[in-house]
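Peer 1: Got a structure for you, structure.txt, holding compact mmCIF, C-alpha atoms.
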# COMPACT_ATOMS: atom_id res chain seq x y z
CA MET A 718 3.17 62.46 -23.59
CA SER A 719 5.65 63.27 -20.94
CA LYS A 720 3.36 61.68 -18.41
CA PHE A 721 3.76 58.31 -20.05
CA LYS A 722 7.46 58.60 -20.56
CA LYS A 723 8.09 58.80 -16.88
CA LYS A 724 6.67 55.38 -16.26
CA THR A 725 9.17 53.60 -18.47
CA GLU A 726 11.91 54.50 -16.07
CA VAL A 727 10.68 52.02 -13.47
CA LYS A 728 13.43 49.67 -12.43
CA GLN A 729 12.75 46.19 -13.75
CA ASP A 730 15.51 44.07 -12.25
CA ILE A 731 14.52 41.16 -10.11
CA PRO A 732 16.96 40.87 -7.24
CA THR A 733 18.93 37.68 -7.75
CA SER A 734 21.21 37.90 -4.76
CA SER A 735 19.02 35.53 -2.74
CA MET A 736 18.78 32.95 -5.48
CA PRO A 737 21.65 30.79 -4.19
CA ASP A 738 19.99 30.70 -0.78
CA VAL A 739 16.71 29.54 -2.25
CA VAL A 740 18.43 26.96 -4.36
CA PHE A 741 20.46 25.70 -1.43
CA MET A 742 17.32 25.36 0.63
CA LEU A 743 15.71 23.21 -2.06
CA LEU A 744 18.92 21.27 -2.41
CA PHE A 745 19.04 20.45 1.28
CA PHE A 746 15.40 19.40 1.22
CA PHE A 747 16.01 16.92 -1.56
CA MET A 748 19.27 15.71 -0.05
CA VAL A 749 17.55 14.93 3.22
CA THR A 750 14.42 13.33 1.80
CA THR A 751 16.15 11.35 -0.92
CA GLU A 752 16.70 7.68 -0.54
CA LEU A 753 19.13 6.11 -2.88
CA ARG A 754 17.63 2.98 -4.23
CA LYS A 755 19.72 -0.05 -3.43
CA THR A 756 18.07 -2.44 -5.83
CA SER A 757 17.18 -1.82 -9.42
CA ILE A 758 13.75 -3.16 -10.09
CA GLU A 759 13.59 -5.43 -13.08
CA VAL A 760 9.87 -6.02 -13.16
CA ARG A 761 7.14 -3.71 -14.34
CA GLN A 762 5.75 -1.72 -11.45
CA GLN A 763 2.48 0.01 -12.04
CA ILE A 764 1.12 0.07 -8.54
CA PRO A 765 -2.67 0.00 -8.24
CA ARG A 766 -4.56 2.80 -6.53
CA ALA A 767 -6.68 2.50 -3.42
CA THR A 768 -8.20 4.71 -0.76
CA GLN A 769 -8.01 2.81 2.53
CA LEU A 770 -4.26 2.96 2.94
CA ARG A 771 -2.31 2.19 6.06
CA LYS A 772 1.21 3.37 6.62
CA LEU A 773 4.10 1.27 7.82
CA MET A 774 5.97 3.10 10.52
CA ARG A 775 9.04 0.99 11.10
CA LYS A 776 10.95 0.85 7.88
CA GLY A 777 13.41 -1.65 9.30
CA LEU A 778 10.69 -4.25 9.70
CA VAL A 779 9.63 -4.19 6.07
CA ALA A 780 10.81 -6.59 3.40
CA ASN A 781 9.87 -5.90 -0.19
CA LEU A 782 8.85 -8.39 -2.84
CA TYR A 783 8.30 -7.11 -6.35
CA ILE A 784 5.99 -8.98 -8.67
CA GLY A 785 5.27 -8.20 -12.29
CA GLU A 786 6.15 -8.78 -15.90
CA PRO A 787 9.93 -8.50 -16.44
CA THR A 788 11.00 -5.26 -18.07
CA LYS A 789 13.48 -7.11 -20.25
CA VAL A 790 10.96 -9.24 -22.07
CA ALA A 791 13.47 -10.52 -24.61
CA GLN A 792 15.67 -11.91 -21.87
CA PHE A 793 13.23 -13.16 -19.26
CA GLY A 794 9.96 -13.67 -21.13
CA LYS A 795 6.53 -12.23 -20.44
CA GLU A 796 5.49 -14.36 -17.49
CA PRO A 797 5.27 -12.36 -14.26
CA LYS A 798 8.24 -12.95 -11.99
CA ILE A 799 9.03 -12.39 -8.34
CA GLN A 800 11.97 -10.19 -7.50
CA ALA A 801 13.53 -10.11 -4.06
CA ASP A 802 16.46 -7.76 -3.49
CA ASP A 803 18.41 -7.97 -6.73
CA VAL A 804 17.43 -11.36 -8.08
CA PHE A 805 14.43 -13.17 -9.45
CA ILE A 806 13.34 -15.91 -7.11
CA ASP A 807 11.06 -18.86 -7.46
CA THR A 808 8.03 -19.40 -5.25
CA LYS A 809 9.78 -22.30 -3.52
CA ASP A 810 12.66 -20.02 -2.47
CA ILE A 811 10.38 -17.67 -0.56
CA ILE A 812 10.58 -19.53 2.75
CA ARG A 813 14.37 -19.29 2.64
CA TRP A 814 14.18 -15.62 1.71
CA VAL A 815 11.83 -14.88 4.61
CA ASN A 816 14.17 -16.64 7.02
CA GLU A 817 17.06 -14.56 5.70
CA GLN A 818 15.07 -11.39 6.26
CA LYS A 819 14.07 -12.49 9.74
CA SER A 820 17.65 -13.28 10.69
CA LYS A 821 18.56 -9.67 9.97
CA LEU A 822 16.20 -8.48 12.69
CA ASP A 823 16.53 -8.61 16.44
CA GLU A 824 15.17 -11.77 17.95
CA ILE A 825 12.27 -10.09 19.69
CA GLU A 826 11.16 -8.36 16.53
CA ARG A 827 11.22 -11.33 14.20
CA ASP A 828 7.52 -12.00 14.31
CA GLN A 829 6.80 -8.40 13.41
CA LEU A 830 8.31 -8.64 9.95
CA THR A 831 5.94 -7.18 7.38
CA VAL A 832 6.20 -8.24 3.78
CA ALA A 833 5.28 -5.48 1.35
CA LEU A 834 4.07 -6.94 -1.92
CA LYS A 835 4.67 -4.45 -4.69
CA VAL A 836 2.57 -5.96 -7.39
CA ASP A 837 1.97 -4.69 -10.88
CA LYS A 838 -1.67 -3.89 -11.71
CA ASP A 839 -1.84 -6.46 -14.45
CA ALA A 840 -0.32 -9.37 -12.56
CA LYS A 841 -2.71 -12.22 -11.93
CA ARG A 842 -3.95 -13.48 -8.59
CA GLY A 843 -2.50 -16.94 -9.30
CA ILE A 844 1.13 -16.03 -8.73
CA ILE A 845 0.29 -13.76 -5.79
CA SER A 846 -1.67 -16.46 -4.01
CA ASP A 847 1.24 -18.87 -4.51
CA VAL A 848 3.46 -16.31 -2.80
CA GLU A 849 0.92 -15.91 0.00
CA THR A 850 0.80 -19.65 0.60
CA GLU A 851 4.59 -19.72 0.94
CA LEU A 852 4.53 -16.75 3.29
CA ARG A 853 2.02 -18.54 5.46
CA LYS A 854 4.30 -21.58 5.57
CA ALA A 855 7.22 -19.31 6.47
CA ASN A 856 5.12 -17.74 9.21
CA ALA A 857 5.47 -14.21 7.84
CA ARG A 858 1.84 -13.35 8.09
CA LYS A 859 1.83 -9.58 8.15
CA LEU A 860 1.25 -8.48 4.64
CA LEU A 861 0.88 -5.18 2.86
CA TYR A 862 -0.34 -4.81 -0.69
CA SER A 863 1.46 -1.70 -1.77
CA ALA A 864 -0.90 0.89 -3.24
CA LEU A 865 -0.94 4.56 -4.09
CA GLU A 866 -3.33 7.12 -2.74
CA ASP A 867 -6.36 7.50 -4.96
CA ASN A 868 -7.55 11.08 -4.76
CA GLU A 869 -10.42 10.78 -7.18
CA ARG A 870 -12.36 8.28 -5.15
CA ASP A 871 -11.50 9.94 -1.87
CA LYS A 872 -14.71 11.89 -1.58
CA ASN A 873 -16.78 9.29 0.21
CA MET B 1080 44.85 43.83 7.64
CA ALA B 1081 46.16 41.69 4.87
CA ARG B 1082 47.46 43.52 1.90
CA ASN B 1083 45.55 41.60 -0.72
CA THR B 1084 42.61 39.58 0.56
CA PRO B 1085 42.25 36.50 -1.65
CA GLU B 1086 38.73 36.23 -2.92
CA ILE B 1087 36.96 33.11 -4.07
CA PRO B 1088 34.74 33.81 -7.05
CA ASN B 1089 31.22 33.05 -5.96
CA ALA B 1090 29.32 33.94 -9.09
CA SER B 1091 29.15 30.29 -10.11
CA MET B 1092 27.90 29.08 -6.74
CA ALA B 1093 24.29 29.21 -7.88
CA ASP B 1094 25.15 27.16 -10.95
CA ILE B 1095 26.85 24.49 -8.88
CA ALA B 1096 23.95 24.39 -6.46
CA PHE B 1097 21.53 24.07 -9.37
CA LEU B 1098 23.52 21.19 -10.74
CA LEU B 1099 23.40 19.35 -7.43
CA LEU B 1100 19.74 20.18 -7.05
CA THR B 1101 18.97 18.72 -10.46
CA PHE B 1102 20.90 15.57 -9.60
CA PHE B 1103 18.91 15.01 -6.41
CA LEU B 1104 15.64 15.91 -8.10
CA VAL B 1105 16.22 13.26 -10.72
CA THR B 1106 17.52 10.49 -8.49
CA THR B 1107 15.07 10.98 -5.66
CA THR B 1108 12.39 8.40 -5.09
CA MET B 1109 9.84 9.12 -2.44
CA PRO B 1110 9.59 6.01 -0.32
CA ASN B 1111 6.14 4.51 -0.55
CA ASN B 1112 5.36 2.52 2.53
CA ARG B 1113 1.65 2.69 2.17
CA GLY B 1114 -0.84 0.11 1.10
CA LEU B 1115 -3.62 -2.21 2.09
CA SER B 1116 -2.61 -4.15 5.14
CA ILE B 1117 -3.92 -7.65 5.81
CA ALA B 1118 -2.99 -10.51 8.09
CA LEU B 1119 -2.60 -13.92 6.50
CA PRO B 1120 -4.15 -16.98 8.16
CA PRO B 1121 -1.85 -19.49 9.90
CA PRO B 1122 -0.01 -22.06 7.77
CA PRO B 1123 -2.25 -24.59 6.03
CA GLU B 1124 -0.91 -27.66 7.85
CA ALA B 1125 -1.14 -26.05 11.29
CA THR B 1126 -4.90 -25.80 11.11
CA PRO B 1127 -6.52 -29.08 10.14
CA PRO B 1128 -9.70 -28.41 8.21
CA GLU B 1129 -12.46 -28.29 10.75
CA ASP B 1130 -16.06 -28.62 9.92
CA VAL B 1131 -17.06 -25.19 11.02
CA LYS B 1132 -20.65 -24.58 10.24
CA ILE B 1133 -21.12 -21.00 9.23
CA GLN B 1134 -24.66 -20.05 8.63
CA GLU B 1135 -25.41 -18.78 5.19
CA ARG B 1136 -26.83 -15.56 6.60
CA ASN B 1137 -23.53 -14.71 8.29
CA MET B 1138 -21.58 -14.80 5.05
CA PHE B 1139 -21.35 -11.96 2.59
CA LYS B 1140 -19.94 -13.59 -0.52
CA ILE B 1141 -17.98 -11.69 -3.11
CA GLN B 1142 -16.49 -13.61 -6.00
CA ILE B 1143 -14.47 -12.49 -8.99
CA ASN B 1144 -13.82 -14.67 -12.00
CA SER B 1145 -10.89 -14.73 -14.40
CA SER B 1146 -12.38 -12.04 -16.62
CA ASP B 1147 -12.73 -9.70 -13.61
CA ALA B 1148 -16.52 -10.04 -13.50
CA LEU B 1149 -18.15 -9.86 -10.12
CA LEU B 1150 -20.65 -11.99 -8.21
CA VAL B 1151 -22.09 -10.51 -5.02
CA GLU B 1152 -24.14 -12.96 -2.94
CA GLY B 1153 -24.51 -15.11 -6.04
CA GLU B 1154 -25.81 -12.30 -8.23
CA PRO B 1155 -23.79 -10.81 -11.09
CA ARG B 1156 -22.97 -7.20 -10.37
CA GLU B 1157 -21.68 -4.43 -12.61
CA ASP B 1158 -22.08 -1.31 -10.51
CA ILE B 1159 -19.98 -1.40 -7.35
CA SER B 1160 -20.63 2.13 -6.12
CA ASN B 1161 -23.15 0.91 -3.56
CA LEU B 1162 -21.26 -2.15 -2.40
CA LYS B 1163 -19.57 -0.45 0.55
CA GLU B 1164 -22.91 0.61 2.04
CA GLU B 1165 -24.27 -2.90 1.56
CA ILE B 1166 -21.34 -4.43 3.40
CA LYS B 1167 -21.72 -1.95 6.25
CA GLU B 1168 -25.41 -2.77 6.49
CA PHE B 1169 -24.61 -6.47 6.50
CA ILE B 1170 -22.04 -6.20 9.31
CA LEU B 1171 -24.20 -3.98 11.51
CA ASN B 1172 -27.41 -5.91 10.91
CA ASN B 1173 -27.49 -7.41 14.43
CA GLY B 1174 -30.24 -9.84 13.55
CA ARG B 1175 -32.77 -7.26 12.37
CA ASN B 1176 -33.03 -8.61 8.86
CA PRO B 1177 -33.36 -12.41 9.08
CA ALA B 1178 -31.51 -12.80 5.76
CA SER B 1179 -28.47 -10.84 6.97
CA SER B 1180 -25.90 -11.32 9.75
CA ASP B 1181 -26.62 -12.16 13.41
CA ASN B 1182 -24.04 -9.79 14.88
CA PRO B 1183 -20.76 -8.15 13.84
CA GLU B 1184 -18.71 -10.87 15.53
CA LYS B 1185 -20.28 -13.60 13.45
CA ALA B 1186 -20.43 -11.65 10.21
CA ILE B 1187 -17.82 -12.70 7.69
CA VAL B 1188 -17.07 -11.06 4.39
CA SER B 1189 -15.90 -13.85 2.15
CA PHE B 1190 -13.80 -12.75 -0.78
CA LYS B 1191 -12.88 -15.29 -3.40
CA THR B 1192 -10.92 -14.70 -6.55
CA ASP B 1193 -9.76 -16.79 -9.45
CA ARG B 1194 -6.15 -17.43 -10.43
CA GLY B 1195 -6.79 -15.34 -13.52
CA THR B 1196 -8.22 -12.34 -11.70
CA SER B 1197 -6.09 -9.24 -12.14
CA HIS B 1198 -4.41 -7.64 -9.16
CA ARG B 1199 -6.02 -4.30 -10.04
CA ARG B 1200 -9.51 -5.72 -9.60
CA PHE B 1201 -8.51 -7.54 -6.42
CA ILE B 1202 -7.20 -4.32 -4.85
CA GLU B 1203 -10.28 -2.41 -5.97
CA LEU B 1204 -12.61 -4.81 -4.14
CA LEU B 1205 -10.38 -5.29 -1.11
CA ASP B 1206 -10.29 -1.51 -0.81
CA ILE B 1207 -14.10 -1.38 -0.70
CA ILE B 1208 -14.37 -4.17 1.88
CA GLN B 1209 -11.71 -2.68 4.13
CA GLY B 1210 -13.28 0.75 3.64
CA ALA B 1211 -16.57 -0.57 4.99
CA TYR B 1212 -14.85 -1.91 8.10
CA TYR B 1213 -12.74 1.20 8.66
CA ASP B 1214 -15.83 3.39 8.30
CA ILE B 1215 -17.57 1.37 11.01
CA TYR B 1216 -14.53 1.48 13.29
CA ALA B 1217 -14.12 5.21 12.78
CA ASP B 1218 -17.78 5.80 13.54
CA GLN B 1219 -17.56 3.78 16.71
CA ALA B 1220 -14.41 5.59 17.84
CA GLY B 1221 -15.88 8.96 16.92
CA VAL B 1222 -13.12 10.00 14.52
CA THR B 1223 -12.83 10.28 10.76
CA ASN B 1224 -11.87 7.31 8.63
CA ALA B 1225 -8.47 8.79 7.77
CA LYS B 1226 -7.74 9.56 11.41
CA PHE B 1227 -8.61 6.03 12.44
CA ARG B 1228 -6.30 4.54 9.83
CA ASP B 1229 -3.51 6.86 10.96
CA ALA B 1230 -4.05 5.76 14.53
CA ALA B 1231 -4.09 2.09 13.55
CA SER B 1232 -0.78 2.51 11.74
CA ASP B 1233 1.07 3.51 14.88
CA LEU B 1234 -0.16 1.80 18.01
CA SER B 1235 2.89 2.70 20.07
CA ILE B 1236 1.26 6.00 21.01
CA ALA B 1237 -1.22 5.56 23.85
CA GLU B 1238 -3.77 7.95 22.38
CA ASN B 1239 -3.78 6.06 19.08
CA LYS B 1240 -4.15 2.77 20.85
CA ALA B 1241 -7.20 4.06 22.72
CA ILE B 1242 -8.85 5.12 19.45
CA TYR B 1243 -7.98 1.80 17.85
CA GLU B 1244 -9.37 -0.29 20.68
CA LYS B 1245 -12.51 1.78 20.99
CA GLY B 1246 -13.16 1.41 17.27
CA ARG B 1247 -12.44 -2.30 17.12
CA ALA B 1248 -14.45 -3.25 20.21
CA GLY B 1249 -16.87 -6.04 19.39
CA ILE B 1250 -16.27 -5.88 15.64
CA PRO B 1251 -13.46 -8.12 14.42
CA LEU B 1252 -12.09 -7.59 10.93
CA ASN B 1253 -13.60 -10.72 9.44
CA ILE B 1254 -12.40 -10.65 5.88
CA SER B 1255 -11.79 -14.10 4.56
CA ILE B 1256 -9.69 -14.24 1.42
CA ALA B 1257 -10.13 -17.70 -0.02
CA ASP B 1258 -7.53 -19.52 -2.06
CA PRO B 1259 -8.21 -18.80 -5.71
CA SER B 1260 -9.93 -21.42 -7.79
CA LYS B 1261 -7.83 -23.04 -10.48
CA VAL B 1262 -9.59 -21.78 -13.61
CA GLY B 1263 -7.66 -19.45 -15.88
CA ASN B 1264 -4.08 -18.49 -15.25
Take the structure in this file and express it as structure tokens.
Peer 2:
Amino acid sequence: MSKFKKKTEVKQDIPTSSMPDVVFMLLFFFMVTTELRKTSIEVRQQIPRATQLRKLMRKGLVANLYIGEPTKVAQFGKEPKIQADDVFIDTKDIIRWVNEQKSKLDEIERDQLTVALKVDKDAKRGIISDVETELRKANARKLLYSALEDNERDKN
Amino acid sequence: MARNTPEIPNASMADIAFLLLTFFLVTTTMPNNRGLSIALPPPPEATPPEDVKIQERNMFKIQINSSDALLVEGEPREDISNLKEEIKEFILNNGRNPASSDNPEKAIVSFKTDRGTSHRRFIELLDIIQGAYYDIYADQAGVTNAKFRDAASDLSIAENKAIYEKGRAGIPLNISIADPSKVGN
């Protein structure tokens, strides 16, 4: 019996003195990687998945358009809407919006503006193609359909 | 030294750090700057409709209707697992099969949707078509598909540009996305 009793005297404390260091390290990681969202998105955003993704390197050259069903259905109805910055815009306002975005860039970089379309899965092609037509008129022809990495179909 | 060294209690430091950590964990949004990249054609009025005769054999037609059903080369299609291989075969036919394309430069993948087609389905098909092209480019450049796409994303590096140009040589990305037809909404 005495053999077993000895074992219970093993020290069981986990050293906690390094915990603040670990926590601080995590904290710094999140502080550095975090990006405070400037706009609150008022349309539903379930981004579709795809495999053949390309990455945009220059964040400054990207302008986002959000398309989807409004989250506040009671207020704005169920029809998919286009959100730019903080407001809903109409398709006819897109040319003006593109010009605003271009004017924020340096003159030599204006033709490199990429429009990232963040479109909800269930939005229809109709509204998106209307947006595309306007973008063509506004001469913003670099386009990115935002998508998430699809790991399940990645095998081939 | 000093008679009574003032000490700051540091037992609660971990708690404070945890609180901050939780705040940043909750508010953080990982920026997603990834997606399927395409180039739109020039404005409609700038290019007057020309009568370009494209031979039937040089077109690979994919159509989706408003209920997300698929037509490939005029035939209804349910199973799309093989579509990517078919597109690759079509692009790289080089005149071998008289019913398929003459050469990669003439080959066009025509993709037409309906106004009622869902974005999910559109992305699914566009992903397959672009995948076929990227596979071909990657093969030609001698790298993996993912590596080629990484290189294509940042052409400012000379090494990436070399891969990109080697892959693209002689094979333009001929994906034509037609204006949707007016049926459905």
Peer 1: I need the chain B residues near chain A as a PyMOL selection string; criterion: at most 6 Å, counting only C-alpha atoms.
Peer 2: chain B and resi 1093+1100+1103+1107+1112-1119+1121-1122+1194-1199+1206+1210+1228+1232
Peer 1: Please measure the separation of atom CA of B:Gln1142 and atom CA of B:Phe1190, giving the value in Å to one decimal.
Peer 2: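 Atom CA of B:Phe1190 lies 5.9 Å from atom CA of B:Gln1142.
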Peer 1: Figure out the distance between atom CA of A:Thr756 and atom CA of A:Glu786, please, to one decimal in Å.
Peer 2: 16.8 Å
Peer 1: If you measure from atom CA of B:Lys1226 to atom CA of B:Arg1247, what distance in Å do you get, rounded to one decimal?
Peer 2: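 That distance, rounded to one decimal, is 14.0 Å.
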Peer 1: Just the residues within 12 Å of stretch 1218-1223 of chain B, please, counting all atoms listed in the file, with nothing from its chain fewer than 2 positions along; format it as number ranges by chain.
Peer 2: A: 873; B: 1167, 1171, 1210-1216, 1225-1231, 1238-1250
Peer 1: Selected residues, C-alpha atoms, written as a compact mmCIF listing (two decimals), in the frame of the given file, please.
Peer 2:
# COMPACT_ATOMS: atom_id res chain seq x y z
CA ASN A 873 -16.78 9.29 0.21
CA LYS B 1167 -21.72 -1.95 6.25
CA LEU B 1171 -24.20 -3.98 11.51
CA GLY B 1210 -13.28 0.75 3.64
CA ALA B 1211 -16.57 -0.57 4.99
CA TYR B 1212 -14.85 -1.91 8.10
CA TYR B 1213 -12.74 1.20 8.66
CA ASP B 1214 -15.83 3.39 8.30
CA ILE B 1215 -17.57 1.37 11.01
CA TYR B 1216 -14.53 1.48 13.29
CA ALA B 1225 -8.47 8.79 7.77
CA LYS B 1226 -7.74 9.56 11.41
CA PHE B 1227 -8.61 6.03 12.44
CA ARG B 1228 -6.30 4.54 9.83
CA ASP B 1229 -3.51 6.86 10.96
CA ALA B 1230 -4.05 5.76 14.53
CA ALA B 1231 -4.09 2.09 13.55
CA GLU B 1238 -3.77 7.95 22.38
CA ASN B 1239 -3.78 6.06 19.08
CA LYS B 1240 -4.15 2.77 20.85
CA ALA B 1241 -7.20 4.06 22.72
CA ILE B 1242 -8.85 5.12 19.45
CA TYR B 1243 -7.98 1.80 17.85
CA GLU B 1244 -9.37 -0.29 20.68
CA LYS B 1245 -12.51 1.78 20.99
CA GLY B 1246 -13.16 1.41 17.27
CA ARG B 1247 -12.44 -2.30 17.12
CA ALA B 1248 -14.45 -3.25 20.21
CA GLY B 1249 -16.87 -6.04 19.39
CA ILE B 1250 -16.27 -5.88 15.64
Peer 1: With a distance cut-off of 12 Å and all atoms listed in the file, select the neighbouring residues of B:Asn1137, excluding the residue or stretch itself and same-chain residues fewer than 5 positions from it, and output the selection as number ranges by chain.
Peer 2: B: 1132, 1152, 1166, 1169-1174, 1176-1189, 1253
Peer 1: Which residue is closest to B:Pro1251? Choose from B:Glu1165, B:Arg1175, B:Gln1209, B:Gly1153 and count only C-alpha atoms.
Peer 2: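 Result for the nearest residue to B:Pro1251: B:Gln1209.
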